[in-house]
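Coordinates from run_18.pdb are shown below (PDB, C-alpha atoms).
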ATOM      1  CA  MET H   1     -19.408  35.310  24.294
ATOM      2  CA  ALA H   2     -21.015  32.209  22.764
ATOM      3  CA  LYS H   3     -18.682  32.523  19.758
ATOM      4  CA  ARG H   4     -15.658  32.717  22.041
ATOM      5  CA  ARG H   5     -16.832  29.648  23.969
ATOM      6  CA  ALA H   6     -17.262  27.777  20.701
ATOM      7  CA  SER H   7     -13.695  28.718  19.743
ATOM      8  CA  CYS H   8     -12.436  27.490  23.135
ATOM      9  CA  ASP H   9     -14.302  24.203  22.693
ATOM     10  CA  MET H  10     -12.855  23.853  19.208
ATOM     11  CA  LEU H  11      -9.333  24.423  20.531
ATOM     12  CA  ILE H  12      -9.748  21.969  23.408
ATOM     13  CA  GLU H  13     -11.111  19.358  21.032
ATOM     14  CA  ARG H  14      -8.398  19.838  18.421
ATOM     15  CA  LEU H  15      -5.401  20.811  20.572
ATOM     16  CA  SER H  16      -3.712  17.417  20.521
ATOM     17  CA  ALA H  17      -4.045  17.108  16.752
ATOM     18  CA  PHE H  18      -2.904  20.704  16.345
ATOM     19  CA  LEU H  19       0.245  20.227  18.405
ATOM     20  CA  ASP H  20       1.005  16.992  16.559
ATOM     21  CA  GLY H  21       0.738  18.797  13.225
ATOM     22  CA  ASP H  22      -2.224  16.715  12.098
ATOM     23  CA  LEU H  23      -4.495  19.603  11.085
ATOM     24  CA  SER H  24      -4.863  21.500   7.828
ATOM     25  CA  ALA H  25      -3.246  24.916   7.431
ATOM     26  CA  THR H  26      -6.670  26.576   7.662
ATOM     27  CA  GLU H  27      -7.526  24.821  10.919
ATOM     28  CA  CYS H  28      -4.079  25.621  12.328
ATOM     29  CA  ALA H  29      -4.505  29.305  11.511
ATOM     30  CA  ARG H  30      -7.922  29.382  13.227
ATOM     31  CA  ILE H  31      -6.547  27.762  16.358
ATOM     32  CA  SER H  32      -3.456  29.992  16.454
ATOM     33  CA  ARG H  33      -5.614  33.103  16.085
ATOM     34  CA  HIS H  34      -7.843  32.028  18.950
ATOM     35  CA  ALA H  35      -4.955  30.991  21.215
ATOM     36  CA  GLN H  36      -3.397  34.433  20.792
ATOM     37  CA  THR H  37      -6.497  36.169  22.093
ATOM     38  CA  CYS H  38      -7.685  33.780  24.810
ATOM     39  CA  SER H  39      -5.599  33.605  27.984
ATOM     40  CA  ARG H  40      -7.350  30.452  29.177
ATOM     41  CA  CYS H  41      -6.539  28.568  25.996
ATOM     42  CA  THR H  42      -2.988  29.944  25.942
ATOM     43  CA  GLN H  43      -2.532  28.563  29.462
ATOM     44  CA  LEU H  44      -4.103  25.240  28.515
ATOM     45  CA  THR H  45      -1.776  24.921  25.535
ATOM     46  CA  ALA H  46       1.262  25.731  27.678
ATOM     47  CA  GLU H  47       0.234  23.180  30.313
ATOM     48  CA  LEU H  48      -0.286  20.472  27.735
ATOM     49  CA  ARG H  49       3.110  21.215  26.244
ATOM     50  CA  ARG H  50       4.705  21.025  29.696
ATOM     51  CA  THR H  51       3.016  17.662  30.300
ATOM     52  CA  VAL H  52       4.366  16.234  27.075
ATOM     53  CA  GLY H  53       7.769  17.751  27.813
ATOM     54  CA  LEU H  54       7.816  16.022  31.196
ATOM     55  CA  CYS H  55       7.138  12.649  29.542
ATOM     56  CA  GLN H  56       9.843  13.276  26.963
ATOM     57  CA  ARG H  57      12.439  14.250  29.561
ATOM     58  CA  ALA H  58      11.646  11.115  31.577
ATOM     59  CA  ALA H  59      12.362   9.040  28.481
ATOM     60  CA  SER H  60      15.775  10.570  27.972
ATOM     61  CA  THR H  61      16.976   9.859  31.525
ATOM     62  CA  PRO H  62      19.396   6.910  31.711
ATOM     63  CA  LEU H  63      18.499   3.875  33.815
ATOM     64  CA  PRO H  64      19.210   4.128  37.564
ATOM     65  CA  PRO H  65      22.921   3.315  38.224
ATOM     66  CA  ALA H  66      22.419  -0.112  39.858
ATOM     67  CA  LEU H  67      20.137  -1.257  37.063
ATOM     68  CA  ARG H  68      22.492   0.149  34.453
ATOM     69  CA  ARG H  69      25.356  -1.885  35.941
ATOM     70  CA  ARG H  70      23.235  -5.052  35.782
ATOM     71  CA  ALA H  71      22.224  -4.277  32.184
ATOM     72  CA  ARG H  72      25.895  -3.783  31.191
ATOM     73  CA  ALA H  73      26.885  -7.020  32.942
ATOM     74  CA  SER H  74      24.156  -8.929  31.073
ATOM     75  CA  ILE H  75      25.418  -7.643  27.726
ATOM     76  CA  LYS H  76      29.004  -8.543  28.561
ATOM     77  CA  ARG H  77      27.965 -12.049  29.646
ATOM     78  CA  LEU H  78      25.872 -12.590  26.529
ATOM     79  CA  LEU H  79      28.618 -11.490  24.153
ATOM     80  CA  GLN H  80      31.248 -13.592  25.955
ATOM     81  CA  GLU H  81      29.059 -16.710  25.905
ATOM     82  CA  ASP H  82      28.344 -16.200  22.227
ATOM     83  CA  ALA H  83      32.060 -15.719  21.425
ATOM     84  CA  LYS H  84      32.884 -18.996  23.232
ATOM     85  CA  ALA H  85      30.141 -20.847  21.372
ATOM     86  CA  HIS H  86      31.513 -19.768  17.988
TER      87      HIS H  86
ATOM     88  CA  MET B   1       3.047  27.945  17.550
ATOM     89  CA  THR B   2       5.663  25.218  17.866
ATOM     90  CA  LYS B   3       4.571  21.669  17.174
ATOM     91  CA  LEU B   4       5.357  19.066  19.822
ATOM     92  CA  ARG B   5       7.202  16.819  17.412
ATOM     93  CA  ASP B   6       9.711  19.648  16.861
ATOM     94  CA  LEU B   7      10.531  19.918  20.552
ATOM     95  CA  HIS B   8      12.301  16.628  21.032
ATOM     96  CA  PRO B   9      14.629  14.732  18.709
ATOM     97  CA  SER B  10      12.968  11.401  19.458
ATOM     98  CA  HIS B  11       9.783  12.802  17.915
ATOM     99  CA  SER B  12      11.275  13.162  14.497
ATOM    100  CA  ALA B  13      12.043  10.669  11.764
ATOM    101  CA  GLU B  14      15.671  11.073  12.886
ATOM    102  CA  ALA B  15      15.077   8.803  15.877
ATOM    103  CA  GLY B  16      13.879   5.999  13.608
ATOM    104  CA  ALA B  17      16.812   6.541  11.259
ATOM    105  CA  GLU B  18      19.208   6.477  14.205
ATOM    106  CA  TYR B  19      17.834   3.123  15.327
ATOM    107  CA  GLU B  20      18.065   1.788  11.812
ATOM    108  CA  ALA B  21      21.710   2.849  11.459
ATOM    109  CA  LEU B  22      22.573   1.285  14.809
ATOM    110  CA  VAL B  23      20.814  -1.962  13.903
ATOM    111  CA  ARG B  24      22.619  -2.113  10.538
ATOM    112  CA  ALA B  25      25.994  -1.535  12.228
ATOM    113  CA  ALA B  26      25.266  -4.164  14.890
ATOM    114  CA  ALA B  27      24.044  -6.672  12.295
ATOM    115  CA  GLY B  28      27.212  -6.042  10.301
ATOM    116  CA  GLY B  29      29.344  -7.257  13.195
ATOM    117  CA  GLY B  30      30.140  -4.001  14.971
ATOM    118  CA  ARG B  31      30.617  -4.914  18.627
ATOM    119  CA  ALA B  32      30.388  -1.357  19.926
ATOM    120  CA  ALA B  33      27.188  -0.800  17.935
ATOM    121  CA  MET B  34      25.744  -4.065  19.276
ATOM    122  CA  GLU B  35      26.553  -3.045  22.850
ATOM    123  CA  ARG B  36      24.967   0.390  22.350
ATOM    124  CA  LEU B  37      21.884  -1.145  20.773
ATOM    125  CA  LEU B  38      21.461  -3.757  23.513
ATOM    126  CA  MET B  39      21.849  -1.115  26.219
ATOM    127  CA  ARG B  40      19.194   1.006  24.583
ATOM    128  CA  VAL B  41      16.884  -1.969  24.144
ATOM    129  CA  GLN B  42      17.170  -2.879  27.821
ATOM    130  CA  SER B  43      16.438   0.665  28.870
ATOM    131  CA  VAL B  44      13.392   0.855  26.598
ATOM    132  CA  ALA B  45      12.111  -2.579  27.704
ATOM    133  CA  PHE B  46      12.471  -1.782  31.392
ATOM    134  CA  ARG B  47      10.748   1.591  31.110
ATOM    135  CA  PHE B  48       7.908   0.163  29.019
ATOM    136  CA  SER B  49       7.280  -2.773  31.315
ATOM    137  CA  LEU B  50       7.570  -0.752  34.516
ATOM    138  CA  LEU B  51       5.235   1.989  33.377
ATOM    139  CA  VAL B  52       2.697  -0.217  31.641
ATOM    140  CA  CYS B  53       2.611  -3.179  34.047
ATOM    141  CA  GLY B  54       4.013  -1.600  37.209
ATOM    142  CA  ASP B  55       6.109  -4.381  38.727
ATOM    143  CA  PRO B  56       9.880  -3.622  38.950
ATOM    144  CA  GLN B  57      10.862  -7.315  39.142
ATOM    145  CA  ASP B  58       8.736  -8.201  36.120
ATOM    146  CA  ALA B  59      10.224  -5.206  34.325
ATOM    147  CA  GLU B  60      13.730  -6.485  34.969
ATOM    148  CA  ASP B  61      12.748  -9.933  33.672
ATOM    149  CA  VAL B  62      11.280  -8.354  30.535
ATOM    150  CA  MET B  63      14.499  -6.364  30.117
ATOM    151  CA  GLN B  64      16.510  -9.621  30.137
ATOM    152  CA  GLU B  65      14.149 -11.340  27.705
ATOM    153  CA  ALA B  66      14.281  -8.357  25.333
ATOM    154  CA  LEU B  67      18.085  -8.458  25.459
ATOM    155  CA  LEU B  68      18.302 -12.102  24.364
ATOM    156  CA  LYS B  69      15.558 -11.840  21.765
ATOM    157  CA  THR B  70      17.058  -8.691  20.225
ATOM    158  CA  TYR B  71      20.531 -10.219  20.034
ATOM    159  CA  ARG B  72      19.213 -13.232  18.108
ATOM    160  CA  HIS B  73      16.894 -11.132  15.942
ATOM    161  CA  VAL B  74      19.411  -8.480  14.902
ATOM    162  CA  ARG B  75      21.970 -10.949  13.590
ATOM    163  CA  LYS B  76      19.509 -12.225  10.985
ATOM    164  CA  ILE B  77      17.463  -9.067  10.511
ATOM    165  CA  GLU B  78      16.040  -8.405   7.048
ATOM    166  CA  HIS B  79      14.237  -5.124   7.636
ATOM    167  CA  PRO B  80      16.267  -2.861   9.939
ATOM    168  CA  GLU B  81      13.853  -0.030   9.200
ATOM    169  CA  ALA B  82      11.105  -1.978  10.989
ATOM    170  CA  PHE B  83      13.209  -2.713  14.075
ATOM    171  CA  ARG B  84      11.565  -0.217  16.424
ATOM    172  CA  THR B  85       8.076  -1.525  15.779
ATOM    173  CA  TRP B  86       9.343  -5.087  16.157
ATOM    174  CA  LEU B  87      10.992  -4.183  19.479
ATOM    175  CA  PHE B  88       7.890  -2.673  21.043
ATOM    176  CA  ARG B  89       5.657  -5.476  19.767
ATOM    177  CA  THR B  90       8.091  -7.943  21.314
ATOM    178  CA  VAL B  91       8.253  -6.107  24.638
ATOM    179  CA  ARG B  92       4.471  -5.785  24.701
ATOM    180  CA  ASN B  93       4.185  -9.543  24.157
ATOM    181  CA  PHE B  94       6.664 -10.256  26.965
ATOM    182  CA  CYS B  95       4.530  -8.082  29.245
ATOM    183  CA  LEU B  96       1.417 -10.022  28.194
ATOM    184  CA  MET B  97       3.183 -13.317  28.920
ATOM    185  CA  LYS B  98       4.120 -12.028  32.365
ATOM    186  CA  ARG B  99       0.480 -11.211  32.903
ATOM    187  CA  ARG B 100      -0.605 -14.707  31.853
ATOM    188  CA  LYS B 101       1.930 -16.276  34.205
ATOM    189  CA  HIS B 102       0.335 -14.306  37.006
ATOM    190  CA  VAL B 103      -3.123 -15.782  36.383
ATOM    191  CA  GLY B 104      -4.341 -16.754  39.805
ATOM    192  CA  GLU B 105      -2.280 -13.978  41.322
ATOM    193  CA  PRO B 106      -4.701 -11.068  40.949
ATOM    194  CA  SER B 107      -2.390  -8.599  42.649
ATOM    195  CA  HIS B 108      -0.191  -8.625  39.549
ATOM    196  CA  VAL B 109      -2.852  -8.812  36.858
ATOM    197  CA  LEU B 110      -3.113  -5.856  34.553
ATOM    198  CA  SER B 111      -4.812  -6.100  31.200
ATOM    199  CA  LEU B 112      -3.013  -4.635  28.200
ATOM    200  CA  ASP B 113      -5.995  -5.165  25.956
ATOM    201  CA  VAL B 114      -8.676  -2.664  25.172
ATOM    202  CA  SER B 115     -12.084  -3.545  26.449
ATOM    203  CA  GLU B 116     -15.403  -1.848  26.876
ATOM    204  CA  ALA B 117     -14.542  -1.679  30.554
ATOM    205  CA  ASP B 118     -11.712   0.780  30.014
ATOM    206  CA  ALA B 119     -13.397   2.716  27.254
ATOM    207  CA  ASP B 120     -13.629   5.714  29.562
ATOM    208  CA  GLY B 121      -9.920   5.549  30.222
ATOM    209  CA  ARG B 122     -10.382   4.998  33.936
ATOM    210  CA  SER B 123     -12.253   1.865  34.941
ATOM    211  CA  ARG B 124     -10.507  -1.480  34.798
ATOM    212  CA  ARG B 125     -11.343  -5.108  34.318
ATOM    213  CA  GLU B 126     -12.157  -7.287  37.264
ATOM    214  CA  GLY B 127      -8.921  -8.426  38.858
ATOM    215  CA  ASP B 128      -6.961  -5.438  37.663
ATOM    216  CA  ARG B 129      -5.508  -3.132  40.214
ATOM    217  CA  PRO B 130      -4.054   0.328  40.083
ATOM    218  CA  ILE B 131      -0.262   0.453  39.965
ATOM    219  CA  ASP B 132       1.159   1.245  43.364
ATOM    220  CA  VAL B 133       3.659   4.060  43.151
ATOM    221  CA  THR B 134       5.065   3.906  46.643
ATOM    222  CA  ASP B 135       6.225   7.106  48.250
ATOM    223  CA  GLY B 136       9.723   5.715  48.285
ATOM    224  CA  ALA B 137      10.458   6.250  51.938
ATOM    225  CA  LYS B 138      10.195   2.532  52.690
ATOM    226  CA  ARG B 139      11.564   0.716  49.628
ATOM    227  CA  PRO B 140      14.925   1.721  48.207
ATOM    228  CA  ASP B 141      14.122   0.272  44.757
ATOM    229  CA  GLU B 142      10.909   2.310  44.541
ATOM    230  CA  GLN B 143      12.818   5.362  45.711
ATOM    231  CA  ALA B 144      15.348   4.898  42.906
ATOM    232  CA  LEU B 145      12.593   4.382  40.322
ATOM    233  CA  ASN B 146      10.705   7.456  41.503
ATOM    234  CA  ALA B 147      13.896   9.491  41.359
ATOM    235  CA  TRP B 148      14.460   8.142  37.847
ATOM    236  CA  LEU B 149      11.091   8.847  36.260
ATOM    237  CA  GLY B 150       9.575  11.264  38.773
ATOM    238  CA  ARG B 151       7.030  10.121  41.342
ATOM    239  CA  ARG B 152       4.377  12.588  40.141
ATOM    240  CA  LEU B 153       4.653  11.402  36.572
ATOM    241  CA  ARG B 154       4.607   7.714  37.569
ATOM    242  CA  ALA B 155       1.550   8.304  39.746
ATOM    243  CA  ALA B 156      -0.237  10.245  37.005
ATOM    244  CA  LEU B 157       0.518   7.562  34.406
ATOM    245  CA  ALA B 158      -0.596   4.872  36.845
ATOM    246  CA  SER B 159      -4.058   6.431  36.946
ATOM    247  CA  LEU B 160      -4.571   5.830  33.215
ATOM    248  CA  ALA B 161      -6.002   2.645  31.726
ATOM    249  CA  PRO B 162      -3.164   0.253  30.736
ATOM    250  CA  VAL B 163      -3.693   0.714  27.009
ATOM    251  CA  ASP B 164      -3.644   4.502  27.385
ATOM    252  CA  ARG B 165      -0.428   4.286  29.395
ATOM    253  CA  MET B 166       1.033   2.239  26.578
ATOM    254  CA  ILE B 167      -0.046   4.827  23.988
ATOM    255  CA  VAL B 168       1.418   7.731  25.989
ATOM    256  CA  LEU B 169       4.647   5.840  26.490
ATOM    257  CA  LEU B 170       5.064   4.882  22.843
ATOM    258  CA  ARG B 171       4.021   8.232  21.437
ATOM    259  CA  GLU B 172       5.391  10.758  23.931
ATOM    260  CA  MET B 173       8.316   8.958  25.501
ATOM    261  CA  GLU B 174       9.583   6.791  22.680
ATOM    262  CA  GLY B 175       8.555   9.105  19.850
ATOM    263  CA  LEU B 176       6.803   6.554  17.649
ATOM    264  CA  SER B 177       4.378   7.748  14.993
ATOM    265  CA  THR B 178       0.628   7.289  15.342
ATOM    266  CA  CYS B 179       0.800   4.638  12.622
ATOM    267  CA  GLU B 180       3.498   2.684  14.510
ATOM    268  CA  VAL B 181       1.578   2.965  17.794
ATOM    269  CA  ALA B 182      -1.553   1.691  16.045
ATOM    270  CA  GLU B 183       0.366  -1.309  14.731
ATOM    271  CA  ILE B 184       1.808  -2.189  18.146
ATOM    272  CA  THR B 185      -1.417  -1.704  20.094
ATOM    273  CA  ARG B 186      -3.583  -3.192  17.323
ATOM    274  CA  LEU B 187      -5.895  -0.214  17.435
ATOM    275  CA  SER B 188      -6.980   2.018  14.577
ATOM    276  CA  GLU B 189      -5.043   5.248  14.101
ATOM    277  CA  ASP B 190      -8.181   7.239  14.925
ATOM    278  CA  ASN B 191      -8.585   5.313  18.162
ATOM    279  CA  VAL B 192      -4.946   5.961  19.077
ATOM    280  CA  LYS B 193      -5.393   9.682  18.433
ATOM    281  CA  THR B 194      -8.589   9.861  20.472
ATOM    282  CA  ARG B 195      -7.081   7.964  23.377
ATOM    283  CA  LEU B 196      -3.882  10.007  23.288
ATOM    284  CA  HIS B 197      -5.828  13.265  23.314
ATOM    285  CA  ARG B 198      -7.854  12.125  26.318
ATOM    286  CA  ALA B 199      -4.810  10.742  28.152
ATOM    287  CA  ARG B 200      -2.833  13.941  27.610
ATOM    288  CA  GLY B 201      -5.721  15.959  29.047
ATOM    289  CA  ARG B 202      -5.957  13.703  32.069
ATOM    290  CA  LEU B 203      -2.203  13.814  32.678
ATOM    291  CA  ARG B 204      -2.242  17.590  32.351
ATOM    292  CA  ALA B 205      -4.978  17.896  34.958
ATOM    293  CA  LEU B 206      -3.304  15.452  37.359
ATOM    294  CA  LEU B 207       0.118  17.034  37.082
ATOM    295  CA  LYS B 208      -1.387  20.475  37.534
ATOM    296  CA  GLU B 209      -3.165  19.316  40.706
ATOM    297  CA  ALA B 210       0.047  17.804  42.013
TER     298      ALA B 210
END
When written as structure tokens, how does the structure in this file appear?
Amino acid sequence: MAKRRASCDMLIERLSAFLDGDLSATECARISRHAQTCSRCTQLTAELRRTVGLCQRAASTPLPPALRRRARASIKRLLQEDAKAH
Amino acid sequence: MTKLRDLHPSHSAEAGAEYEALVRAAAGGGRAAMERLLMRVQSVAFRFSLLVCGDPQDAEDVMQEALLKTYRHVRKIEHPEAFRTWLFRTVRNFCLMKRRKHVGEPSHVLSLDVSEADADGRSRREGDRPIDVTDGAKRPDEQALNAWLGRRLRAALASLAPVDRMIVLLREMEGLSTCEVAEITRLSEDNVKTRLHRARGRLRALLKEA
């Protein structure tokens, strides 16, 4: 029981580094082995992945339409002014 | 087990290479490339400023400033490979300048610096305030922003210390490497990793609760 808890603590502590690929092959193997046998840690890993996925999806969403129109207009204005100046 | 950096294209070196190619094309006189680059820069600047500092009007000002600065910078750029880091340093500085302009207006003040006060990732400096992520029922602009980024995510990010928000944004949303994030935030790589780990855990818990 105490050994399992220690493995859970190790996973929680190292999960971010593990998912970012910052750990050695040995450490990765240890964490993978534990995650396959511990439902709590499997769930934790899945939740963390979902959280990161949510952030990543938010970053790939284009600007709201009104703001996008203003951004396009600013670019057009800038390029026109620069063309006139040269 | 899949690594996070494999799940999203922006988390690979490809994203940096894509920026570099776009910058080279724009610097070489390609109008379409310049337009694409400037559109992307405005999007990045607005998202960064809104999520880190919280004020939509300030974010739109920062977006405009980033547009002009990028246009001038790209035409005489010497190191296109360093463009992304330059862009986020520039946007961060614009956000800091906004903050300084608001001195005496505590309702807008949000520190971007790391201090002992926010070492636990929660408490803030005197004068700071949590970002208000309005429900959206009253203000159409807030409603649009919540629909854009997701109200739950905005609210969860708003609960982090400003520097941790910045780290999450740069690392998770913009796909920068730990080394690049460390350079922009002026923190050590170890500090960035520690803060990111803690911020991810906090976001996970908050989003689960929601």
Once you count only C-alpha atoms, which residues of chain B turn out to be within 8 Å of chain H? Could you give them as a ChimeraX atom specification?
-> /B:1-5,8,35,38-39,42-43,64,67-68,144-145,148-150,153,169,172-174,193,196-197,200-201,203-204,207-208
Could you state which residues are captured by the PyMOL selection byres ((chain H and resi 7) around 10) in this file, as a list of chain:residue names?
-> H:Met1, H:Ala2, H:Lys3, H:Arg4, H:Arg5, H:Ala6, H:Cys8, H:Asp9, H:Met10, H:Leu11, H:Ile12, H:Glu13, H:Arg30, H:Ile31, H:Arg33, H:His34, H:Ala35, H:Cys38, H:Cys41
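The space between atom CA of B:Ala156 and atom CA of B:Leu206 spans 6.1 Å.
Interatomic distance, atom CA of B:Met34 against atom CA of B:Ala147: 28.5 Å.
Between atom CA of B:Arg92 and atom CA of H:Gln80 the separation is 27.9 Å.
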Please write the residues picked by the PyMOL selection byres ((chain B and resi 83) around 9) on this file as a PyMOL selection string.
-> chain B and resi 16+19-20+23+74+77+79-82+84-88
Dig up all the protein and nucleic acid residues within 10 Å of (20.5, -11.1, 13.2) in the file frame, using all atoms listed in the file, and format them as a VMD selection string.
-> chain B and resid 23 to 24 26 to 29 69 to 78 80
